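Novice: One structure, pasted below without further comment.
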Amino acid sequence: MAVHEHSHRSAGFHLPSLRRNRTTAAPESAVSAHSDTHTARAYVLASARLLMGFVFLWAFLDKTFGLGYATASGKGWIDGGSPAEGFLGHVAVGPMESTFHAWAGAAWADWLFMLGMLGIGLALAAGVALRLTAFAGTAMMALMWVAEWPPAQHLSDGSMSMSTNPFVDYHLVYAVVLIALAVTSAGDTLGLGRLWARLPFVRGNGWLR
């Protein structure tokens, strides 16, 4: 009697390839991590934008209505006070001291100063025209830096200037933040940046982005 041996191929039970799964999961994990980082960065920049907007808008409101903080009650712009005079009239140091004194109280200086703060504040809050805002805000911060003139150790009358740093002060920090918000398109998150960029007159003029 012949005995025939049959080879039995069992389907068996195969564990999934951990190596293959790891290879597939790694890129997905990297993409997810990159997306999370990008989203977190966008929200941090948007938060910085909104906070900066509030800085300018609050200064405008306080100087307009005399809310009792930097501007005393009853001395606001609507009460006949001069928003620029309070700052420019008290400049006591620097190469433009006499120039700033001449500007103090001038109607054009008041309007330029107040409209600048209002425009910059509204643009930051809405997240639109951030490039133009960065330019205008940097110019304003540069003038205010010159007015306070941090490099001086003494004022014109010989008293100590109380400058805490000969170069870096909050005006320069604000200027850098404004530029950073513009170059990173910080208005696209929690703002109207994307809608603004689609407008025909903005698409044709990149400096309005």
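If you're wondering about the labels, chains in the structure tokens are A, B, ... by order shown, residues count from 1 in each chain, ligands from 1 in order shown.
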Enumerate, as JSON, numbers by chain, the complete set of residues in stretch 65-180 of chain A that a backbone-based DSSP assignment places in helix (DSSP H, G or I).
Specialist: {"A": [65, 77, 78, 79, 83, 84, 85, 86, 87, 88, 97, 98, 99, 100, 101, 102, 103, 107, 108, 109, 110, 111, 112, 113, 114, 115, 116, 117, 118, 119, 120, 121, 122, 123, 124, 125, 126, 130, 131, 132, 133, 134, 135, 136, 137, 138, 139, 140, 141, 142, 143, 144, 145, 146, 147, 148, 170, 171, 172, 173, 174, 175, 176, 177, 178, 179, 180]}
Novice: Keeping only C-alpha atoms, take the residues you just selected and write them out as a PDB file, in the first residue's frame.
Specialist:
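Output file part-v9.pdb is given in full below:
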```pdb
ATOM      1  CA  PHE A  65     -11.966 110.867  26.581  1.00  0.00           C
ATOM      2  CA  TRP A  77      -9.173 115.544  23.364  1.00  0.00           C
ATOM      3  CA  ILE A  78     -12.941 116.059  23.404  1.00  0.00           C
ATOM      4  CA  ASP A  79     -12.484 118.463  26.329  1.00  0.00           C
ATOM      5  CA  PRO A  83      -3.024 114.727  22.957  1.00  0.00           C
ATOM      6  CA  ALA A  84       0.400 115.410  21.462  1.00  0.00           C
ATOM      7  CA  GLU A  85       1.265 118.324  23.737  1.00  0.00           C
ATOM      8  CA  GLY A  86       1.300 116.174  26.860  1.00  0.00           C
ATOM      9  CA  PHE A  87       4.029 113.999  25.383  1.00  0.00           C
ATOM     10  CA  LEU A  88       5.955 116.321  23.086  1.00  0.00           C
ATOM     11  CA  GLU A  97      14.003 118.340  21.834  1.00  0.00           C
ATOM     12  CA  SER A  98      13.400 121.819  20.415  1.00  0.00           C
ATOM     13  CA  THR A  99      11.626 120.414  17.341  1.00  0.00           C
ATOM     14  CA  PHE A 100       9.232 118.388  19.453  1.00  0.00           C
ATOM     15  CA  HIS A 101       8.505 121.433  21.609  1.00  0.00           C
ATOM     16  CA  ALA A 102       7.622 123.384  18.472  1.00  0.00           C
ATOM     17  CA  TRP A 103       5.231 120.614  17.380  1.00  0.00           C
ATOM     18  CA  ALA A 107      -3.523 120.780  15.541  1.00  0.00           C
ATOM     19  CA  TRP A 108      -1.877 118.794  12.731  1.00  0.00           C
ATOM     20  CA  ALA A 109       0.311 116.961  15.258  1.00  0.00           C
ATOM     21  CA  ASP A 110      -2.734 116.068  17.371  1.00  0.00           C
ATOM     22  CA  TRP A 111      -4.691 114.755  14.383  1.00  0.00           C
ATOM     23  CA  LEU A 112      -1.748 112.827  12.946  1.00  0.00           C
ATOM     24  CA  PHE A 113      -0.927 111.296  16.319  1.00  0.00           C
ATOM     25  CA  MET A 114      -4.504 110.295  17.141  1.00  0.00           C
ATOM     26  CA  LEU A 115      -5.446 109.020  13.689  1.00  0.00           C
ATOM     27  CA  GLY A 116      -2.216 107.040  13.636  1.00  0.00           C
ATOM     28  CA  MET A 117      -3.020 105.310  16.924  1.00  0.00           C
ATOM     29  CA  LEU A 118      -6.630 104.678  15.906  1.00  0.00           C
ATOM     30  CA  GLY A 119      -5.705 103.325  12.479  1.00  0.00           C
ATOM     31  CA  ILE A 120      -2.940 101.092  13.793  1.00  0.00           C
ATOM     32  CA  GLY A 121      -5.162  99.790  16.608  1.00  0.00           C
ATOM     33  CA  LEU A 122      -8.107  98.995  14.330  1.00  0.00           C
ATOM     34  CA  ALA A 123      -5.898  97.347  11.692  1.00  0.00           C
ATOM     35  CA  LEU A 124      -4.254  95.123  14.319  1.00  0.00           C
ATOM     36  CA  ALA A 125      -7.588  94.192  15.874  1.00  0.00           C
ATOM     37  CA  ALA A 126      -9.047  93.274  12.477  1.00  0.00           C
ATOM     38  CA  LEU A 130      -0.505  94.634   8.554  1.00  0.00           C
ATOM     39  CA  ARG A 131       2.365  95.625   6.252  1.00  0.00           C
ATOM     40  CA  LEU A 132       1.214  99.230   6.089  1.00  0.00           C
ATOM     41  CA  THR A 133       0.492  99.085   9.814  1.00  0.00           C
ATOM     42  CA  ALA A 134       4.003  97.824  10.550  1.00  0.00           C
ATOM     43  CA  PHE A 135       5.498 100.699   8.543  1.00  0.00           C
ATOM     44  CA  ALA A 136       3.340 103.368  10.196  1.00  0.00           C
ATOM     45  CA  GLY A 137       3.739 101.870  13.665  1.00  0.00           C
ATOM     46  CA  THR A 138       7.514 101.573  13.313  1.00  0.00           C
ATOM     47  CA  ALA A 139       7.754 105.223  12.227  1.00  0.00           C
ATOM     48  CA  MET A 140       5.680 106.286  15.239  1.00  0.00           C
ATOM     49  CA  MET A 141       7.728 104.155  17.637  1.00  0.00           C
ATOM     50  CA  ALA A 142      10.975 105.540  16.179  1.00  0.00           C
ATOM     51  CA  LEU A 143       9.846 109.123  16.822  1.00  0.00           C
ATOM     52  CA  MET A 144       8.789 108.268  20.362  1.00  0.00           C
ATOM     53  CA  TRP A 145      12.132 106.547  20.952  1.00  0.00           C
ATOM     54  CA  VAL A 146      13.942 109.704  19.821  1.00  0.00           C
ATOM     55  CA  ALA A 147      11.684 111.777  22.087  1.00  0.00           C
ATOM     56  CA  GLU A 148      12.691 109.739  25.139  1.00  0.00           C
ATOM     57  CA  TYR A 170       9.588  99.152  24.722  1.00  0.00           C
ATOM     58  CA  HIS A 171       9.240 101.337  21.621  1.00  0.00           C
ATOM     59  CA  LEU A 172      11.799  99.232  19.769  1.00  0.00           C
ATOM     60  CA  VAL A 173      10.218  96.025  21.046  1.00  0.00           C
ATOM     61  CA  TYR A 174       6.808  97.171  19.801  1.00  0.00           C
ATOM     62  CA  ALA A 175       8.281  98.023  16.393  1.00  0.00           C
ATOM     63  CA  VAL A 176       9.857  94.573  16.041  1.00  0.00           C
ATOM     64  CA  VAL A 177       6.602  92.903  17.085  1.00  0.00           C
ATOM     65  CA  LEU A 178       4.660  94.902  14.479  1.00  0.00           C
ATOM     66  CA  ILE A 179       7.100  93.840  11.762  1.00  0.00           C
ATOM     67  CA  ALA A 180       6.937  90.205  12.895  1.00  0.00           C
TER      68      ALA A 180
END
```
Novice: Atom CA of A:Pro95 to atom CA of A:Ser156: how many Å, to one decimal?
Specialist: 10.5 Å
Novice: Ranking A:Ala129, A:Thr184, A:Gly191, A:Phe167 by minimum distance to A:Gly206 and counting only C-alpha atoms, which one comes first?
Specialist: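 Among the listed residues, the smallest separation from A:Gly206 belongs to A:Ala129.
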Novice: Using only C-alpha atoms, pick whichever of A:Gly105, A:Gly81, A:Gly204, A:Gly76 has the shortest atom-to-atom distance to A:Asp62.
Specialist: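 Checking each candidate against A:Asp62, we get A:Gly76 as the closest.
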